[in-house]
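Asks: Just so it is clear, I am handing over query-v9.txt, which has compact mmCIF, C-alpha atoms.
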# COMPACT_ATOMS: atom_id res chain seq x y z
CA MET A 946 -0.74 -24.63 -9.79
CA ILE A 947 -1.77 -21.02 -9.12
CA ASN A 948 -0.22 -21.16 -5.65
CA ILE A 949 3.07 -22.28 -7.28
CA CYS A 950 2.77 -19.24 -9.54
CA ILE A 951 2.33 -16.96 -6.48
CA ILE A 952 5.30 -18.54 -4.66
CA SER A 953 7.46 -18.20 -7.82
CA VAL A 954 6.71 -14.45 -7.97
CA ALA A 955 7.54 -14.06 -4.27
CA LEU A 956 10.77 -16.07 -4.71
CA ILE A 957 11.93 -13.96 -7.67
CA VAL A 958 11.30 -10.75 -5.72
CA GLY A 959 12.99 -12.34 -2.68
CA ILE A 960 16.09 -13.14 -4.76
CA ILE A 961 16.21 -9.49 -5.92
CA GLY A 962 16.05 -8.58 -2.20
CA VAL A 963 18.99 -10.92 -1.45
CA ILE A 964 21.04 -9.30 -4.23
CA ASP A 965 20.11 -5.88 -2.78
CA ASP A 966 21.18 -7.02 0.70
CA ILE A 967 24.56 -8.16 -0.62
CA LYS A 968 25.18 -5.38 -3.13
CA ASP A 969 23.18 -2.13 -2.93
CA LEU A 970 21.06 -1.88 -6.09
CA GLY A 971 20.04 1.77 -5.64
CA GLY A 972 16.65 3.46 -5.52
CA LYS A 973 15.90 3.19 -9.24
CA LEU A 974 17.36 -0.16 -10.35
CA LYS A 975 15.65 -2.06 -7.50
CA PRO A 976 12.03 -1.12 -8.44
CA ALA A 977 12.93 -1.67 -12.11
CA LEU A 978 14.16 -5.22 -11.42
CA THR A 979 11.05 -6.08 -9.39
CA LEU A 980 9.00 -5.46 -12.55
CA LEU A 981 10.48 -8.73 -13.90
CA ALA A 982 8.99 -10.77 -11.04
CA SER A 983 5.58 -10.83 -12.70
CA ILE A 984 6.86 -13.12 -15.51
CA PRO A 985 5.37 -16.36 -13.98
CA ILE A 986 1.88 -14.76 -13.87
CA LEU A 987 2.14 -13.44 -17.42
CA ILE A 988 3.47 -16.74 -18.87
CA THR A 989 0.86 -18.95 -17.17
CA GLY A 990 -1.91 -16.40 -17.77
CA SER A 991 -3.03 -16.74 -14.13
CA PHE A 992 -4.99 -13.50 -14.08
CA ASP A 993 -8.47 -12.29 -14.81
CA PRO A 994 -8.57 -8.88 -16.56
CA HIS A 995 -11.97 -8.10 -15.01
CA PRO A 996 -11.17 -6.44 -11.67
CA SER A 997 -13.97 -5.69 -9.20
CA PHE A 998 -14.56 -2.26 -7.71
CA PRO A 999 -17.00 -1.13 -4.99
CA PHE A 1000 -20.58 -1.36 -6.30
CA ILE A 1001 -19.26 -2.60 -9.68
CA PRO A 1002 -18.38 -6.33 -9.35
CA LYS A 1003 -16.99 -6.76 -12.87
CA THR A 1004 -15.17 -4.39 -15.20
CA SER A 1005 -13.27 -5.04 -18.42
CA LEU A 1006 -9.59 -4.10 -18.77
CA THR A 1007 -8.41 -6.76 -21.22
CA ILE A 1008 -5.73 -4.68 -22.95
CA VAL A 1009 -4.40 -2.58 -20.09
CA TYR A 1010 -4.46 -5.21 -17.31
CA PRO A 1011 -1.32 -7.22 -18.38
CA PHE A 1012 0.69 -3.98 -18.35
CA LEU A 1013 -0.52 -3.17 -14.83
CA ILE A 1014 0.65 -6.56 -13.41
CA PRO A 1015 4.44 -5.82 -13.32
CA ILE A 1016 3.73 -2.37 -11.83
CA SER A 1017 1.56 -3.80 -9.05
CA ILE A 1018 4.20 -6.40 -8.05
CA ALA A 1019 6.90 -3.69 -7.99
CA VAL A 1020 4.67 -1.34 -5.95
CA THR A 1021 3.66 -3.92 -3.29
CA SER A 1022 7.17 -5.32 -2.79
CA ASN A 1023 8.80 -1.88 -2.53
CA ALA A 1024 5.99 -0.53 -0.33
CA VAL A 1025 6.52 -3.28 2.28
CA ASN A 1026 10.28 -2.67 2.15
CA MET A 1027 9.84 1.08 2.69
CA LEU A 1028 7.79 0.76 5.90
CA ASN A 1029 10.12 -1.66 7.74
CA VAL A 1030 11.37 1.16 9.98
CA VAL A 1031 11.03 -0.25 13.51
CA ASN A 1032 11.57 -3.68 15.06
CA GLY A 1033 8.69 -6.01 14.24
CA ALA A 1034 7.06 -3.58 11.77
CA THR A 1035 6.61 -5.97 8.82
CA PRO A 1036 5.02 -8.90 10.75
CA LEU A 1037 2.75 -6.52 12.71
CA LEU A 1038 1.62 -4.76 9.53
CA VAL A 1039 1.22 -7.87 7.37
CA ILE A 1040 -0.37 -10.41 9.77
CA PRO A 1041 -3.73 -8.48 10.06
CA ILE A 1042 -3.83 -8.21 6.22
CA LEU A 1043 -3.30 -11.97 5.86
CA ILE A 1044 -5.97 -12.71 8.51
CA SER A 1045 -8.51 -10.51 6.67
CA LEU A 1046 -7.59 -12.29 3.41
CA THR A 1047 -8.18 -15.66 5.11
CA VAL A 1048 -11.67 -14.52 6.17
CA ILE A 1049 -12.37 -13.33 2.60
CA SER A 1050 -11.11 -16.66 1.19
CA LEU A 1051 -13.45 -18.55 3.52
CA VAL A 1052 -16.42 -16.35 2.62
CA SER A 1053 -15.76 -16.36 -1.13
CA ASN A 1054 -14.92 -20.09 -1.29
CA LYS A 1055 -11.34 -19.50 -2.48
CA THR A 1056 -10.20 -22.58 -0.56
CA THR A 1057 -6.91 -23.07 -2.46
CA LEU A 1058 -5.62 -19.78 -1.06
CA ILE A 1059 -6.21 -20.70 2.62
CA PRO A 1060 -3.18 -23.06 3.13
CA LEU A 1061 -0.83 -20.44 1.66
CA LEU A 1062 -2.26 -17.70 3.91
CA VAL A 1063 -2.24 -19.85 7.07
CA ALA A 1064 1.38 -20.92 6.41
CA SER A 1065 2.37 -17.26 5.91
CA ILE A 1066 0.56 -16.13 9.10
CA ILE A 1067 2.21 -18.84 11.24
CA SER A 1068 5.70 -18.21 9.83
CA LEU A 1069 5.37 -14.43 10.29
CA ALA A 1070 4.04 -14.89 13.85
CA VAL A 1071 7.05 -17.09 14.75
CA PHE A 1072 9.37 -14.59 13.07
CA PHE A 1073 7.78 -11.75 15.08
CA TYR A 1074 8.80 -13.49 18.32
CA TYR A 1075 12.46 -12.95 17.36
CA ASN A 1076 11.92 -9.65 15.51
CA LYS A 1077 10.00 -7.78 18.25
CA TYR A 1078 11.74 -4.99 20.20
CA PRO A 1079 14.64 -5.52 21.08
CA ALA A 1080 15.09 -7.54 17.88
CA LYS A 1081 17.47 -10.48 17.63
CA THR A 1082 16.66 -11.30 14.01
CA PHE A 1083 16.02 -9.01 11.05
CA MET A 1084 14.10 -9.54 7.86
CA GLY A 1085 16.31 -7.52 5.51
CA ASN A 1086 15.23 -6.51 2.04
CA CYS A 1087 14.97 -10.19 1.13
CA GLY A 1088 12.10 -10.87 3.59
CA ASP A 1089 10.30 -7.57 2.93
CA PHE A 1090 10.38 -8.11 -0.82
CA PHE A 1091 9.19 -11.70 -0.46
CA VAL A 1092 6.18 -10.67 1.66
CA GLY A 1093 5.35 -7.72 -0.62
CA GLY A 1094 5.62 -9.87 -3.74
CA LEU A 1095 3.39 -12.49 -2.13
CA LEU A 1096 0.67 -9.88 -1.43
CA GLY A 1097 0.91 -8.45 -4.96
CA ALA A 1098 0.72 -11.90 -6.57
CA ILE A 1099 -2.29 -12.94 -4.42
CA ALA A 1100 -4.06 -9.70 -5.43
CA ILE A 1101 -3.67 -10.48 -9.14
CA VAL A 1102 -4.08 -14.26 -9.23
CA TYR A 1103 -7.14 -14.33 -6.93
CA SER A 1104 -8.68 -11.08 -8.32
CA LEU A 1105 -8.46 -9.29 -4.97
CA GLU A 1106 -6.79 -6.15 -6.35
CA PHE A 1107 -8.98 -3.53 -4.73
CA VAL A 1108 -9.27 -5.37 -1.39
CA ILE A 1109 -5.47 -5.68 -1.05
CA LEU A 1110 -5.06 -2.06 -2.14
CA VAL A 1111 -7.28 -0.98 0.79
CA SER A 1112 -5.60 -3.33 3.28
CA MET A 1113 -2.22 -1.90 2.26
CA LEU A 1114 -3.31 1.72 2.87
CA PRO A 1115 -0.70 2.34 5.64
CA PHE A 1116 2.04 1.30 3.17
CA ILE A 1117 0.55 3.46 0.42
CA MET A 1118 0.23 6.47 2.74
CA HIS A 1119 3.87 6.08 3.80
CA GLY A 1120 5.06 5.79 0.18
CA PHE A 1121 2.97 8.80 -0.84
CA PHE A 1122 4.35 10.94 2.00
CA VAL A 1123 7.98 9.95 1.36
CA ILE A 1124 7.91 10.39 -2.43
CA SER A 1125 6.01 13.70 -2.23
CA SER A 1126 8.41 15.13 0.35
CA VAL A 1127 11.67 13.76 -1.10
CA LYS A 1128 10.44 14.31 -4.70
CA ASN A 1129 12.44 11.32 -5.97
CA PHE A 1130 13.04 7.56 -5.57
CA LEU A 1131 15.80 7.48 -2.97
CA GLU A 1132 17.29 4.74 -0.80
CA LYS A 1133 17.10 5.16 3.01
CA LYS A 1134 20.89 5.64 3.02
CA GLN A 1135 20.67 8.41 0.42
CA ILE A 1136 18.40 10.58 2.59
CA LYS A 1137 20.71 12.92 4.50
CA GLU A 1138 18.30 14.30 7.10
CA LYS A 1139 16.69 11.58 9.22
CA PRO A 1140 12.91 11.95 9.78
CA VAL A 1141 13.17 10.84 13.41
CA ILE A 1142 15.67 11.59 16.21
CA ILE A 1143 16.37 9.23 19.15
CA LYS A 1144 16.93 10.83 22.59
CA ASN A 1145 16.98 8.90 25.89
CA GLY A 1146 15.21 5.90 24.37
CA LEU A 1147 12.39 8.06 22.96
CA LEU A 1148 11.70 8.85 19.31
CA TYR A 1149 11.19 12.52 18.40
CA PRO A 1150 10.10 13.88 14.99
CA SER A 1151 12.77 15.88 13.19
CA LEU A 1152 11.84 19.56 12.97
CA LYS A 1153 14.10 20.18 9.98
CA LYS A 1154 12.37 21.12 6.74
CA GLU A 1155 14.70 18.91 4.68
CA SER A 1156 13.69 15.76 6.58
CA PRO A 1157 11.34 13.52 4.61
CA LEU A 1158 7.77 13.16 5.75
CA THR A 1159 7.18 9.55 6.82
CA LEU A 1160 4.33 7.67 8.49
CA MET A 1161 6.46 7.32 11.63
CA ARG A 1162 7.11 11.08 11.70
CA ILE A 1163 3.35 11.69 11.43
CA CYS A 1164 2.76 9.18 14.26
CA LEU A 1165 5.13 11.28 16.37
CA ALA A 1166 3.51 14.60 15.43
CA GLU A 1167 1.58 14.77 18.72
CA GLY A 1168 4.53 13.87 20.96
CA PRO A 1169 7.54 11.57 21.42
CA LEU A 1170 7.03 7.81 21.76
CA LYS A 1171 8.98 4.62 22.44
CA GLU A 1172 9.82 2.27 19.55
CA LYS A 1173 7.43 -0.31 21.05
CA ASP A 1174 4.58 2.24 20.94
CA ILE A 1175 5.25 2.97 17.25
CA ALA A 1176 5.02 -0.76 16.52
CA LEU A 1177 1.70 -0.82 18.41
CA ILE A 1178 0.36 2.12 16.33
CA PHE A 1179 1.40 0.26 13.16
CA LEU A 1180 -0.52 -2.80 14.38
CA ILE A 1181 -3.64 -0.68 15.09
CA LEU A 1182 -3.35 1.00 11.67
CA SER A 1183 -3.01 -2.31 9.88
CA THR A 1184 -5.91 -3.84 11.83
CA VAL A 1185 -8.18 -0.91 10.92
CA SER A 1186 -7.13 -1.00 7.24
CA SER A 1187 -7.70 -4.79 7.17
CA LEU A 1188 -11.20 -4.31 8.62
CA LEU A 1189 -11.83 -1.63 5.99
CA ALA A 1190 -10.59 -4.11 3.36
CA LEU A 1191 -13.07 -6.70 4.63
CA PHE A 1192 -15.86 -4.12 4.41
CA THR A 1193 -14.64 -3.10 0.94
CA TYR A 1194 -14.78 -6.74 -0.20
CA PHE A 1195 -18.50 -6.83 0.63
CA LEU A 1196 -18.93 -3.51 -1.22
CA THR A 1197 -17.34 -5.08 -4.33
CA GLN A 1198 -19.98 -7.82 -4.21
CA ILE A 1199 -22.86 -5.31 -4.37
CA LYS A 1200 -24.06 -4.35 -7.81
CA ILE A 1201 -25.91 -1.05 -8.10
CA LEU A 1202 -25.54 -0.46 -11.84
CA MET B 1345 -0.33 8.29 22.63
CA LYS B 1346 -4.12 8.33 22.24
CA ARG B 1347 -3.86 11.59 20.27
CA ASN B 1348 -1.11 10.17 18.05
CA ILE B 1349 -3.29 7.15 17.20
CA LEU B 1350 -6.38 9.31 16.55
CA TYR B 1351 -4.39 11.61 14.28
CA VAL B 1352 -3.03 8.78 12.10
CA LEU B 1353 -6.33 6.87 12.10
CA SER B 1354 -8.22 9.95 10.88
CA LEU B 1355 -5.70 10.22 8.01
CA LEU B 1356 -6.20 6.53 7.18
CA ILE B 1357 -10.00 6.76 7.10
CA PHE B 1358 -9.84 9.97 5.07
CA SER B 1359 -7.58 8.20 2.52
CA TRP B 1360 -10.01 5.23 2.37
CA ILE B 1361 -12.99 7.51 1.65
CA LEU B 1362 -11.01 9.27 -1.11
CA LEU B 1363 -9.94 5.93 -2.59
CA ILE B 1364 -13.49 4.54 -2.63
CA PHE B 1365 -14.86 7.75 -4.18
CA PHE B 1366 -12.31 8.01 -7.00
CA SER B 1367 -12.25 4.29 -7.77
CA PHE B 1368 -16.04 4.30 -8.02
CA ILE B 1369 -15.88 7.04 -10.65
CA ILE B 1370 -13.11 5.24 -12.60
CA ALA B 1371 -14.97 1.91 -12.36
CA LEU B 1372 -18.16 3.59 -13.53
CA ILE B 1373 -16.38 4.69 -16.73
CA ILE B 1374 -14.80 1.24 -17.25
CA SER B 1375 -18.12 -0.55 -16.64
CA GLN B 1376 -19.78 1.58 -19.30
CA VAL B 1377 -17.03 0.49 -21.70
CA SER B 1378 -17.66 -3.17 -20.75
CA GLU B 1379 -21.21 -2.86 -22.05
CA LEU B 1380 -19.91 -2.27 -25.58
CA LYS B 1381 -18.90 -5.12 -27.91
CA GLY B 1382 -16.50 -5.65 -30.84
CA ILE B 1383 -13.71 -3.44 -32.18
CA LEU B 1384 -15.23 -0.30 -30.66
CA ALA B 1385 -15.01 -1.86 -27.18
CA ARG B 1386 -11.33 -2.75 -27.81
CA ILE B 1387 -10.54 0.81 -28.92
CA ILE B 1388 -12.32 2.34 -25.91
CA ASP B 1389 -10.59 -0.21 -23.61
CA LEU B 1390 -7.25 1.01 -24.94
CA PHE B 1391 -8.30 4.63 -24.48
CA THR B 1392 -9.37 3.86 -20.90
CA GLY B 1393 -5.88 2.50 -20.28
CA LEU B 1394 -4.35 5.62 -21.73
CA ALA B 1395 -6.71 7.75 -19.63
CA ILE B 1396 -5.63 5.89 -16.45
CA PHE B 1397 -1.98 6.45 -17.45
CA ILE B 1398 -2.58 10.18 -18.04
CA VAL B 1399 -4.40 10.51 -14.65
CA TRP B 1400 -1.44 8.72 -13.01
CA LEU B 1401 1.02 11.13 -14.68
CA LEU B 1402 -1.10 14.07 -13.53
CA ILE B 1403 -1.15 12.78 -9.93
CA TRP B 1404 2.62 12.22 -10.15
CA TYR B 1405 3.15 15.77 -11.44
CA LEU B 1406 0.96 17.30 -8.73
CA VAL B 1407 2.42 15.20 -5.91
CA VAL B 1408 6.09 15.21 -6.82
CA LYS B 1409 6.63 18.41 -8.75
CA LYS B 1410 4.07 20.75 -7.24
CA SER B 1411 4.15 19.70 -3.56
CA PHE B 1412 0.51 18.66 -3.61
CA TYR B 1413 0.82 17.36 -0.05
CA GLU B 1414 1.76 20.83 1.26
CA ARG B 1415 -1.34 22.24 -0.44
CA ILE B 1416 -3.57 19.55 1.11
CA LYS B 1417 -2.04 20.27 4.53
CA LYS B 1418 -2.78 23.99 4.17
CA PHE B 1419 -6.31 23.19 3.04
CA MET B 1420 -6.84 20.74 5.93
CA ASN B 1421 -5.66 23.35 8.43
CA LYS B 1422 -8.43 25.66 7.20
CA ILE B 1423 -11.19 23.15 7.93
CA GLU B 1424 -12.50 24.07 11.35
CA PHE B 1425 -14.28 20.81 12.29
CA LEU B 1426 -11.16 18.80 11.56
CA GLN B 1427 -9.16 21.09 13.85
CA ILE B 1428 -11.69 20.50 16.63
CA PHE B 1429 -11.48 16.75 16.00
CA MET B 1430 -7.67 16.87 16.10
CA ALA B 1431 -7.76 18.94 19.28
CA TYR B 1432 -10.00 16.31 20.90
So, in terms of structure tokens, how does the structure I just supplied come out?

Replies:
Amino acid sequence: MINICIISVALIVGIIGVIDDIKDLGGKLKPALTLLASIPILITGSFDPHPSFPFIPKTSLTIVYPFLIPISIAVTSNAVNMLNVVNGATPLLVIPILISLTVISLVSNKTTLIPLLVASIISLAVFFYYNKYPAKTFMGNCGDFFVGGLLGAIAIVYSLEFVILVSMLPFIMHGFFVISSVKNFLEKKQIKEKPVIIKNGLLYPSLKKESPLTLMRICLAEGPLKEKDIALIFLILSTVSSLLALFTYFLTQIKIL
Amino acid sequence: MKRNILYVLSLLIFSWILLIFFSFIIALIISQVSELKGILARIIDLFTGLAIFIVWLLIWYLVVKKSFYERIKKFMNKIEFLQIFMAY
């Protein structure tokens, strides 16, 4: 039942992504619509308002927690969408997160989550085969939103909020850099100055002050790279953040107070 | 490429340490609230929510309106050991 709830959330966000692919929803309406995707969780009450933090396994947020659910779904789905900047980025960034969640599910005896995670890993791995550089198939907003919504829903339904927050650190860093440099919610198309320039098959960071600061631009700060190398850096980043998430999970199980 | 990876990884680990530190402080406050019972606990729970919202607004103001990132970058450039680490 709870897995159906998670899939429903992902499907709603995915449908919003399809609408955005067909007709551009804009940088403000899109995050606003993704807030609605949390309805299945709120109706079925599939959440526990006692999130765990490092060294504090149980806290009480009974009043505030339901209000945080729509925000978290909107944040995760839009964060995944924002970082799909090179071929194969989403599968390479999300597969390590899903693997670390599988390990956590095995350790914490959350067996109902394992089939959903394994199915997602296999489908993303197959998709990566066609999406790797030079890509033949693209995910679009629909796929990014679906994957992001899935992660957000798993975090809430299985009380893995803090662990997924840590595993999604590359996405959060990217979002933080973009919003703080652009100072607004803008679509990729609305940003006039591109953060990266392509010359002779190599990616160079833009030296213009107006260009937004992105994770890819920071990756290029020490020198130009090929698109394949950027994808590899994303994979390394995601693997490290997933390992940190695994470590954080064990920290959330320790009670010191 | 090794330098590029080291640079981004150091940022990632720095962000993780910050996240753990701040969340521990927030959780410490919330856990103290959890110890209380009855109407008082409900009121404090609500105030905790409001406090989280205010902190979020403050972060938003500092990040978006006051170019907080630029300030962090300037501050990071001043730290000598980090410069040595980056140079390595």

Asks: Interatomic distance between CA of Ile988 in chain A and CA of Thr1057 in chain A?

Replies: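 CA of Thr1057 in chain A lies 20.4 Å from CA of Ile988 in chain A.
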
Asks: Fewer than 2 positions away in the same chain doesn't count, so skip those; otherwise give me all residues within 8 Å of Asp1089 in chain A, counting only C-alpha atoms, as a ChimeraX atom specification.

Replies: /A:959,962,1022,1025-1026,1029,1035,1084-1087,1091-1093

Asks: Just give me the gap between CA of Thr1197 in chain A and CA of Ala1064 in chain A in Å, one decimal is fine.

Replies: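 Pair CA of Thr1197 in chain A / CA of Ala1064 in chain A returns 26.8 Å.
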
Asks: Between chain A and chain B, at 7 Å or less, what are the per-residue closest atom pairs and their distances in Å? Count all atoms listed in the file, order by chain and rising residue number, and return it as CSV.

Replies:
residue,atom,partner,partner_atom,distance
A:Phe998,CA,B:Ala1371,CA,6.3
A:Pro999,CA,B:Phe1368,CA,6.3
A:Ile1001,CA,B:Ala1371,CA,6.8
A:Thr1004,CA,B:Ser1375,CA,5.1
A:Ser1005,CA,B:Ser1378,CA,5.3
A:Leu1006,CA,B:Asp1389,CA,6.3
A:Ile1008,CA,B:Leu1390,CA,6.2
A:Val1009,CA,B:Gly1393,CA,5.3
A:Val1111,CA,B:Trp1360,CA,7.0
A:Ile1124,CA,B:Val1408,CA,6.8
A:Ser1125,CA,B:Val1408,CA,4.8
A:Lys1128,CA,B:Val1408,CA,4.9
A:Cys1164,CA,B:Asn1348,CA,5.5
A:Leu1165,CA,B:Asn1348,CA,6.6
A:Ala1166,CA,B:Asn1348,CA,6.9
A:Glu1167,CA,B:Asn1348,CA,5.4
A:Ile1178,CA,B:Ile1349,CA,6.3
A:Leu1182,CA,B:Leu1353,CA,6.6

Asks: What is the distance, in Å and to one decimal place, between CA of Ser1065 in chain A and CA of Leu1105 in chain A?

Replies: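 Separating CA of Ser1065 in chain A from CA of Leu1105 in chain A is a distance of 17.3 Å.
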
Asks: Tell me which protein, DNA and RNA residues are within 10 Å of range 1067-1072 of chain A, counting only C-alpha atoms, leaving out same-chain ones fewer than 6 positions away, and put them as number ranges by chain.

Replies: A: 1033, 1035-1037, 1039-1040, 1082-1084, 1092

Asks: Taking 3 positions as the minimum chain separation for residues in the same chain, which residues sit within 7 Å of range 989-994 of chain A when counting all atoms listed in the file? Answer as a list in words.

Replies: Ile947, Pro985, Ile986, Ser1005, Leu1006, Thr1007, Tyr1010, Ile1101, Val1102 and Ser1104 of chain A

Asks: Can you work out which one of A:Phe1090, A:Tyr1103, A:Phe1192, A:Phe1179 has the shortest atom-to-atom distance to Thr1021 in chain A, counting all atoms listed in the file?

Replies: A:Phe1090

Asks: Please check which residues have atoms at most 12 Å from (12.4, 13.7, 23.4) in the file's coordinates, counting all atoms listed in the file, and write them as a list in words.

Replies: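 Those residues, ordered by chain and then number, are Val1141, Ile1142, Ile1143, Lys1144, Asn1145, Gly1146, Leu1147, Leu1148, Tyr1149, Pro1150, Ser1151, Leu1152, Leu1165, Ala1166, Glu1167, Gly1168, Pro1169, Leu1170 and Lys1171 of chain A.
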
Asks: May I ask which of the residues A:Ala1190, A:Met1161, A:Val1123, A:Leu1046 is the closest one to Ile1361 in chain B, counting all atoms listed in the file?

Replies: A:Ala1190

Asks: Just want the 8 Å neighbourhood of Glu1172 in chain A, counted on only C-alpha atoms, with same-chain residues fewer than 3 positions away dropped. Output as a PDB file with C-alpha atoms, in the coordinates of the input.

Replies:
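Result written to result.pdb:
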ATOM      1  CA  VAL A1031      11.030  -0.250  13.510  1.00  0.00           C
ATOM      2  CA  ASN A1032      11.570  -3.680  15.060  1.00  0.00           C
ATOM      3  CA  TYR A1078      11.740  -4.990  20.200  1.00  0.00           C
ATOM      4  CA  LEU A1147      12.390   8.060  22.960  1.00  0.00           C
ATOM      5  CA  LEU A1148      11.700   8.850  19.310  1.00  0.00           C
ATOM      6  CA  ILE A1175       5.250   2.970  17.250  1.00  0.00           C
ATOM      7  CA  ALA A1176       5.020  -0.760  16.520  1.00  0.00           C
TER       8      ALA A1176
END
